[in-house]
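Q: Data file structure28.cif (mmCIF, C-alpha atoms) is appended below.
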data_query
loop_
_atom_site.label_atom_id
_atom_site.label_comp_id
_atom_site.auth_asym_id
_atom_site.auth_seq_id
_atom_site.Cartn_x
_atom_site.Cartn_y
_atom_site.Cartn_z
CA MET A 326 -59.73 -128.73 -23.65
CA THR A 327 -59.70 -132.52 -23.67
CA ARG A 328 -60.29 -133.95 -27.10
CA ASP A 329 -60.78 -137.50 -28.19
CA CYS A 330 -57.79 -138.31 -30.39
CA ASP A 331 -58.24 -142.03 -29.78
CA LEU A 332 -54.81 -142.63 -28.24
CA LYS A 333 -53.87 -146.32 -28.23
CA ALA A 334 -50.84 -148.04 -26.72
CA ARG A 335 -49.51 -151.46 -27.75
CA PRO A 336 -46.56 -153.39 -26.32
CA LYS A 337 -43.88 -154.36 -28.84
CA HIS A 338 -41.26 -156.46 -27.07
CA ASN A 339 -39.61 -154.08 -24.61
CA LYS A 340 -41.09 -151.00 -26.29
CA ILE A 341 -44.53 -149.42 -26.40
CA GLN A 342 -46.05 -148.16 -29.63
CA LEU A 343 -48.46 -145.22 -29.41
CA THR A 344 -50.91 -144.40 -32.19
CA TRP A 345 -53.65 -141.79 -32.39
CA THR A 346 -55.85 -139.87 -34.77
CA LYS A 347 -53.80 -137.08 -36.31
CA ALA A 348 -54.49 -133.70 -34.70
CA GLY A 349 -52.62 -130.40 -34.78
CA ASP A 350 -49.10 -129.94 -36.17
CA TYR A 351 -47.09 -131.66 -33.48
CA VAL A 352 -47.59 -133.39 -30.14
CA ALA A 353 -45.73 -133.71 -26.87
CA VAL A 354 -45.83 -137.23 -25.45
CA LEU A 355 -46.16 -137.48 -21.68
CA ARG A 356 -45.77 -140.56 -19.50
CA SER A 357 -46.50 -141.35 -15.86
CA THR A 358 -46.09 -144.36 -13.60
CA ALA A 359 -47.94 -142.68 -10.72
CA GLY A 360 -51.52 -142.55 -12.01
CA PRO A 361 -53.87 -141.16 -14.66
CA ASP A 362 -53.97 -137.70 -13.10
CA ARG A 363 -50.47 -137.09 -11.75
CA GLY A 364 -46.77 -137.60 -12.30
CA PHE A 365 -46.68 -136.97 -16.05
CA ARG A 366 -43.38 -136.02 -17.65
CA GLU A 367 -42.66 -135.27 -21.28
CA ILE A 368 -40.70 -138.08 -22.95
CA GLY A 369 -40.64 -136.76 -26.50
CA ARG A 370 -42.19 -134.73 -29.30
CA THR A 371 -43.19 -135.80 -32.75
CA PHE A 372 -44.09 -133.99 -35.94
CA SER A 373 -44.96 -137.28 -37.62
CA SER A 374 -47.86 -137.08 -40.03
CA TYR A 375 -48.46 -140.76 -39.27
CA ALA A 376 -49.46 -139.96 -35.68
CA THR A 377 -47.22 -142.55 -34.07
CA PHE A 378 -44.55 -142.64 -31.38
CA LEU A 379 -42.33 -145.46 -30.12
CA ASP A 380 -41.37 -145.38 -26.44
CA GLU A 381 -38.09 -147.29 -26.29
CA ASN A 382 -37.43 -146.79 -22.58
CA VAL A 383 -39.82 -149.34 -21.13
CA GLU A 384 -39.51 -151.94 -18.39
CA TYR A 385 -41.55 -155.13 -18.21
CA ASN A 386 -44.46 -155.38 -15.77
CA VAL A 387 -44.60 -151.66 -15.07
CA GLU A 388 -47.89 -149.75 -15.32
CA TYR A 389 -47.58 -146.77 -17.66
CA TYR A 390 -50.01 -143.96 -18.40
CA TYR A 391 -49.58 -141.87 -21.57
CA ARG A 392 -51.09 -138.55 -22.59
CA LEU A 393 -50.62 -136.36 -25.64
CA ILE A 394 -50.59 -132.57 -25.67
CA VAL A 395 -51.46 -131.29 -29.12
CA TYR A 396 -49.97 -128.09 -30.55
CA ALA A 397 -50.47 -126.03 -33.68
CA ASN A 398 -47.62 -124.21 -35.37
CA ASN A 399 -47.23 -120.55 -34.40
CA ARG A 400 -49.31 -121.01 -31.24
CA ALA A 401 -47.63 -121.28 -27.87
CA GLU A 402 -50.70 -122.64 -26.11
CA PRO A 403 -51.73 -126.26 -26.70
CA ILE A 404 -54.91 -126.85 -28.64
CA GLY A 405 -55.82 -130.12 -26.97
CA ILE A 406 -54.89 -132.93 -24.61
CA SER A 407 -55.78 -136.60 -24.83
CA ASP A 408 -57.32 -138.77 -22.19
CA PRO A 409 -54.75 -140.88 -20.31
CA GLU A 410 -54.03 -144.31 -21.83
CA PHE A 411 -52.98 -147.19 -19.60
CA ILE A 412 -50.71 -150.10 -20.51
CA VAL A 413 -48.45 -152.68 -18.92
CA SER A 414 -45.53 -153.95 -20.94
CA ARG A 415 -45.26 -157.73 -20.63
CA GLN A 416 -42.80 -160.27 -21.91
CA ARG A 417 -43.98 -162.59 -24.62
CA GLY A 418 -44.69 -166.14 -23.56
CA LEU A 419 -46.57 -165.38 -20.37
CA GLU A 420 -49.44 -167.83 -20.31
CA ASP A 421 -52.03 -165.88 -18.34
CA HIS A 422 -52.95 -162.47 -19.72
CA PRO A 423 -54.88 -159.72 -17.93
CA PRO A 424 -58.26 -158.44 -19.12
CA VAL A 425 -58.39 -155.70 -21.73
CA PHE A 426 -60.95 -152.95 -22.24
CA LEU A 427 -62.32 -153.16 -25.78
CA SER A 428 -64.11 -149.81 -26.09
CA THR A 429 -64.89 -146.56 -24.34
CA PRO A 430 -68.46 -145.95 -23.14
CA ILE A 431 -70.47 -142.97 -24.38
CA ARG A 432 -68.92 -139.74 -23.09
CA LEU A 433 -72.00 -137.53 -23.07
CA THR A 434 -75.02 -137.29 -20.79
CA ARG A 435 -77.61 -134.71 -19.74
CA VAL A 436 -78.70 -133.32 -16.39
CA GLY A 437 -81.43 -135.58 -15.01
CA ASP A 438 -80.62 -138.54 -17.25
CA LEU A 439 -79.32 -141.77 -15.72
CA TYR A 440 -75.75 -142.48 -16.83
CA ASN A 441 -75.12 -146.20 -16.49
CA PRO A 442 -72.26 -147.09 -18.83
CA THR A 443 -71.68 -150.59 -20.13
CA LEU A 444 -68.03 -151.53 -19.76
CA ASP A 445 -66.73 -153.73 -22.55
CA ALA A 446 -63.72 -155.80 -21.50
CA GLN A 447 -62.44 -159.25 -22.38
CA ASP A 448 -60.03 -161.68 -20.79
CA PRO A 449 -57.93 -163.65 -23.31
CA GLU A 450 -58.43 -166.84 -21.30
CA ASN A 451 -62.08 -166.03 -20.50
CA ASP A 452 -61.32 -165.76 -16.79
CA PRO A 453 -63.84 -163.81 -14.67
CA ILE A 454 -63.38 -160.02 -14.59
CA THR A 455 -64.15 -157.62 -11.75
CA PHE A 456 -64.87 -153.96 -12.56
CA ASN A 457 -64.14 -151.10 -10.19
CA VAL A 458 -64.47 -147.33 -10.28
CA LEU A 459 -61.04 -145.94 -9.41
CA GLN A 460 -61.81 -142.27 -9.86
CA ALA A 461 -64.83 -140.08 -10.49
CA ARG A 462 -64.01 -136.37 -10.37
CA PRO A 463 -65.58 -134.11 -9.38
CA THR A 464 -66.86 -136.66 -6.90
CA SER A 465 -70.56 -136.95 -6.42
CA PRO A 466 -72.66 -138.56 -3.68
CA SER A 467 -74.64 -140.48 -6.26
CA MET A 468 -71.53 -142.01 -7.85
CA SER A 469 -70.32 -144.83 -5.64
CA PRO A 470 -67.00 -146.56 -6.35
CA THR A 471 -68.15 -150.16 -6.14
CA ALA A 472 -67.77 -153.23 -8.24
CA TRP A 473 -70.73 -154.34 -10.31
CA MET B 1399 -72.37 -147.60 -11.47
CA ASN B 1400 -75.30 -145.21 -11.67
CA PHE B 1401 -74.89 -141.47 -12.06
CA THR B 1402 -77.76 -139.04 -12.49
CA PRO B 1403 -76.14 -135.60 -12.81
CA THR B 1404 -77.70 -132.51 -11.33
CA ILE B 1405 -77.55 -128.93 -12.60
CA ASP B 1406 -74.50 -128.17 -10.45
CA GLN B 1407 -72.59 -130.99 -12.14
CA LEU B 1408 -72.48 -129.52 -15.63
CA GLY B 1409 -69.21 -129.91 -17.50
CA LEU B 1410 -66.42 -132.45 -17.59
CA HIS B 1411 -66.02 -135.34 -15.14
CA ASN B 1412 -62.90 -137.48 -15.22
CA LEU B 1413 -63.74 -141.17 -14.87
CA THR B 1414 -61.32 -144.04 -14.33
CA PHE B 1415 -62.42 -147.68 -14.39
CA GLU B 1416 -60.50 -150.87 -13.72
CA ALA B 1417 -61.01 -154.37 -15.13
CA THR B 1418 -59.10 -156.82 -12.99
CA ASN B 1419 -58.53 -160.49 -12.23
CA ALA B 1420 -55.73 -162.72 -10.97
CA ALA B 1421 -53.64 -162.17 -14.12
CA GLY B 1422 -53.52 -158.38 -13.86
CA ARG B 1423 -55.61 -155.41 -14.82
CA ASP B 1424 -56.44 -152.81 -17.44
CA VAL B 1425 -57.43 -149.22 -16.73
CA LEU B 1426 -59.77 -147.06 -18.79
CA ASN B 1427 -59.77 -143.27 -18.44
CA PHE B 1428 -62.09 -140.85 -20.15
CA SER B 1429 -63.92 -137.58 -19.66
CA LEU B 1430 -67.71 -137.55 -19.36
CA PHE B 1431 -69.40 -134.33 -20.44
CA VAL B 1432 -72.64 -133.38 -18.67
CA GLN B 1433 -74.76 -130.98 -20.67
CA PRO B 1434 -77.96 -129.15 -19.73
CA ALA B 1435 -81.27 -130.95 -19.89
CA SER B 1436 -83.17 -130.67 -23.13
CA ASN B 1437 -85.90 -128.04 -23.32
CA SER B 1438 -87.87 -130.05 -25.82
CA VAL B 1439 -91.59 -130.54 -25.14
CA ARG B 1440 -92.90 -134.07 -25.15
CA TRP B 1441 -96.45 -134.56 -26.50
#
Could you quickly redo this structure as structure tokens?
A:
Amino acid sequence: MTRDCDLKARPKHNKIQLTWTKAGDYVAVLRSTAGPDRGFREIGRTFSSYATFLDENVEYNVEYYYRLIVYANNRAEPIGISDPEFIVSRQRGLEDHPPVFLSTPIRLTRVGDLYNPTLDAQDPENDPITFNVLQARPTSPSMSPTAW
Amino acid sequence: MNFTPTIDQLGLHNLTFEATNAAGRDVLNFSLFVQPASNSVRW
């Protein structure tokens, strides 16, 4: 049921602004500090046609994950759920910034085809970046969580 | 990371990657969909 609604999170002072591609009639906004696959709690709902939500209860230097559950009017069951979006709220003026992913690799492959995604990330100060696989579920013997 | 899916791995796979250095990190989550192999004939 996952759908790509292009959820983005941006820090704005001590708040976090969420934006996405409009889907359904309303969305429930979920947040977790535990990880991309656990600990989510609903922090609000929005009917905004502008597909935006401002999280005003944010602490600096805390790792947040956000997800959206998309609903249609007159249907109790959700019609979609976004991928988790990660962000750390940081105070302005910090000189050294962490790397940032710039895009999402292709999300489709076929049985028998080699899937070898190119990860596109940038460090604002051009410092070296290390990539790791944190999770690959269902796990597979041919998918090893190593840096490359 | 190399992943060559087999027939028993059809469907959605949740992937989480990390880009990290001394200043901090970013995390990217997405779902990879594995579909059946094409039946097309190559000449």
Q: Tell me which residues the PyMOL selection byres ((chain B) within 6 of (chain A)) grabs here, as a list in words.
A: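 Output of the PyMOL selection byres ((chain B) within 6 of (chain A)): Met1399, Asn1400, Phe1401, Thr1402, Pro1403, Thr1404, Ile1405, His1411, Asn1412, Leu1413, Thr1414, Phe1415, Glu1416, Ala1417, Thr1418, Asn1419, Ala1421, Gly1422, Arg1423, Asp1424, Val1425, Asn1427, Phe1428, Leu1430, Phe1431, Val1432, Gln1433, Pro1434 and Ala1435 of chain B.
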Q: Please evaluate the PyMOL selection byres ((chain A and resi 398) around 12) against the displayed coordinates and give the resulting residues as a ChimeraX atom specification.
A: /A:348-352,372,395-397,399-404
Q: Take atom CA of A:His338 and atom CA of A:Arg363 and report the distance between them in Å, one decimal.
A: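 Calculated distance between atom CA of A:His338 and atom CA of A:Arg363 is 26.4 Å.
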Q: Mind telling me what the PyMOL selection byres ((chain A and resi 378) around 10) catches here, as an NGL selection string?
A: :A and (334 or 341-345 or 352 or 354 or 369-373 or 375-377 or 379-381)
Q: Would you place a box with edges along x, y and z of the file around all atoms of stretch 330-349 of chain A listed there, add 3 Å to each of its six sides, and report the centre and edge lengths in Å to one decimal, as lines of an AutoDock Vina configuration file?
A:
center_x = -48.9
center_y = -143.4
center_z = -30.5
size_x = 24.6
size_y = 32.1
size_z = 17.7
Q: Which value, in Å to one decimal, gives the distance between atom CA of A:Thr358 and atom CA of A:Ser414?
A: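 Between atom CA of A:Thr358 and atom CA of A:Ser414 the gap is 12.1 Å.
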Q: Enter the distance from atom CA of A:Gly360 to atom CA of B:Gln1407, in Å, rounded to one decimal.
A: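 According to the coordinates, atom CA of A:Gly360 and atom CA of B:Gln1407 are separated by 24.0 Å.
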Q: As a PDB file, keeping the file's coordinate frame, please: stretch 1413-1439 of chain B completed to N, CA and C atoms.
A:
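Wrote out.pdb, looks like this:
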ATOM      1  N   LEU B1413     -63.375-139.849 -15.369  1.00  0.00           N
ATOM      2  CA  LEU B1413     -63.740-141.170 -14.870  1.00  0.00           C
ATOM      3  C   LEU B1413     -62.613-142.163 -15.146  1.00  0.00           C
ATOM      4  N   THR B1414     -62.332-143.004 -14.167  1.00  0.00           N
ATOM      5  CA  THR B1414     -61.320-144.040 -14.330  1.00  0.00           C
ATOM      6  C   THR B1414     -61.910-145.369 -13.845  1.00  0.00           C
ATOM      7  N   PHE B1415     -61.910-146.357 -14.713  1.00  0.00           N
ATOM      8  CA  PHE B1415     -62.420-147.680 -14.390  1.00  0.00           C
ATOM      9  C   PHE B1415     -61.293-148.703 -14.486  1.00  0.00           C
ATOM     10  N   GLU B1416     -61.479-149.789 -13.743  1.00  0.00           N
ATOM     11  CA  GLU B1416     -60.500-150.870 -13.720  1.00  0.00           C
ATOM     12  C   GLU B1416     -61.198-152.181 -14.031  1.00  0.00           C
ATOM     13  N   ALA B1417     -60.589-152.981 -14.900  1.00  0.00           N
ATOM     14  CA  ALA B1417     -61.010-154.370 -15.130  1.00  0.00           C
ATOM     15  C   ALA B1417     -59.882-155.241 -14.609  1.00  0.00           C
ATOM     16  N   THR B1418     -60.183-156.105 -13.656  1.00  0.00           N
ATOM     17  CA  THR B1418     -59.100-156.820 -12.990  1.00  0.00           C
ATOM     18  C   THR B1418     -59.450-158.284 -12.755  1.00  0.00           C
ATOM     19  N   ASN B1419     -58.417-159.115 -12.695  1.00  0.00           N
ATOM     20  CA  ASN B1419     -58.530-160.490 -12.230  1.00  0.00           C
ATOM     21  C   ASN B1419     -57.135-160.944 -11.780  1.00  0.00           C
ATOM     22  N   ALA B1420     -56.977-162.235 -11.548  1.00  0.00           N
ATOM     23  CA  ALA B1420     -55.730-162.720 -10.970  1.00  0.00           C
ATOM     24  C   ALA B1420     -54.526-162.478 -11.880  1.00  0.00           C
ATOM     25  N   ALA B1421     -54.752-162.321 -13.178  1.00  0.00           N
ATOM     26  CA  ALA B1421     -53.640-162.170 -14.120  1.00  0.00           C
ATOM     27  C   ALA B1421     -53.150-160.733 -14.223  1.00  0.00           C
ATOM     28  N   GLY B1422     -53.932-159.778 -13.746  1.00  0.00           N
ATOM     29  CA  GLY B1422     -53.520-158.380 -13.860  1.00  0.00           C
ATOM     30  C   GLY B1422     -54.723-157.488 -14.066  1.00  0.00           C
ATOM     31  N   ARG B1423     -54.502-156.345 -14.663  1.00  0.00           N
ATOM     32  CA  ARG B1423     -55.610-155.410 -14.820  1.00  0.00           C
ATOM     33  C   ARG B1423     -55.392-154.518 -16.032  1.00  0.00           C
ATOM     34  N   ASP B1424     -56.495-153.870 -16.443  1.00  0.00           N
ATOM     35  CA  ASP B1424     -56.440-152.810 -17.440  1.00  0.00           C
ATOM     36  C   ASP B1424     -57.193-151.625 -16.848  1.00  0.00           C
ATOM     37  N   VAL B1425     -56.801-150.434 -17.250  1.00  0.00           N
ATOM     38  CA  VAL B1425     -57.430-149.220 -16.730  1.00  0.00           C
ATOM     39  C   VAL B1425     -57.939-148.407 -17.903  1.00  0.00           C
ATOM     40  N   LEU B1426     -59.145-147.893 -17.754  1.00  0.00           N
ATOM     41  CA  LEU B1426     -59.770-147.060 -18.790  1.00  0.00           C
ATOM     42  C   LEU B1426     -60.060-145.690 -18.212  1.00  0.00           C
ATOM     43  N   ASN B1427     -59.544-144.654 -18.879  1.00  0.00           N
ATOM     44  CA  ASN B1427     -59.770-143.270 -18.440  1.00  0.00           C
ATOM     45  C   ASN B1427     -60.483-142.516 -19.548  1.00  0.00           C
ATOM     46  N   PHE B1428     -61.474-141.743 -19.166  1.00  0.00           N
ATOM     47  CA  PHE B1428     -62.090-140.850 -20.150  1.00  0.00           C
ATOM     48  C   PHE B1428     -62.829-139.734 -19.430  1.00  0.00           C
ATOM     49  N   SER B1429     -63.192-138.715 -20.202  1.00  0.00           N
ATOM     50  CA  SER B1429     -63.920-137.580 -19.660  1.00  0.00           C
ATOM     51  C   SER B1429     -65.383-137.666 -20.082  1.00  0.00           C
ATOM     52  N   LEU B1430     -66.268-137.565 -19.098  1.00  0.00           N
ATOM     53  CA  LEU B1430     -67.710-137.550 -19.360  1.00  0.00           C
ATOM     54  C   LEU B1430     -68.182-136.101 -19.341  1.00  0.00           C
ATOM     55  N   PHE B1431     -68.897-135.701 -20.392  1.00  0.00           N
ATOM     56  CA  PHE B1431     -69.400-134.330 -20.440  1.00  0.00           C
ATOM     57  C   PHE B1431     -70.880-134.322 -20.094  1.00  0.00           C
ATOM     58  N   VAL B1432     -71.240-133.542 -19.077  1.00  0.00           N
ATOM     59  CA  VAL B1432     -72.640-133.380 -18.670  1.00  0.00           C
ATOM     60  C   VAL B1432     -73.151-132.078 -19.253  1.00  0.00           C
ATOM     61  N   GLN B1433     -74.191-132.179 -20.060  1.00  0.00           N
ATOM     62  CA  GLN B1433     -74.760-130.980 -20.670  1.00  0.00           C
ATOM     63  C   GLN B1433     -76.144-130.704 -20.101  1.00  0.00           C
ATOM     64  N   PRO B1434     -76.658-129.495 -20.308  1.00  0.00           N
ATOM     65  CA  PRO B1434     -77.960-129.150 -19.730  1.00  0.00           C
ATOM     66  C   PRO B1434     -79.061-130.062 -20.247  1.00  0.00           C
ATOM     67  N   ALA B1435     -80.126-130.162 -19.462  1.00  0.00           N
ATOM     68  CA  ALA B1435     -81.270-130.950 -19.890  1.00  0.00           C
ATOM     69  C   ALA B1435     -81.909-130.320 -21.109  1.00  0.00           C
ATOM     70  N   SER B1436     -82.513-131.162 -21.922  1.00  0.00           N
ATOM     71  CA  SER B1436     -83.170-130.670 -23.130  1.00  0.00           C
ATOM     72  C   SER B1436     -84.408-129.875 -22.749  1.00  0.00           C
ATOM     73  N   ASN B1437     -84.696-128.834 -23.535  1.00  0.00           N
ATOM     74  CA  ASN B1437     -85.900-128.040 -23.320  1.00  0.00           C
ATOM     75  C   ASN B1437     -87.046-128.493 -24.213  1.00  0.00           C
ATOM     76  N   SER B1438     -86.837-129.611 -24.889  1.00  0.00           N
ATOM     77  CA  SER B1438     -87.870-130.050 -25.820  1.00  0.00           C
ATOM     78  C   SER B1438     -89.140-130.446 -25.080  1.00  0.00           C
ATOM     79  N   VAL B1439     -90.280-130.215 -25.721  1.00  0.00           N
ATOM     80  CA  VAL B1439     -91.590-130.540 -25.140  1.00  0.00           C
ATOM     81  C   VAL B1439     -92.027-131.894 -25.652  1.00  0.00           C
TER      82      VAL B1439
END
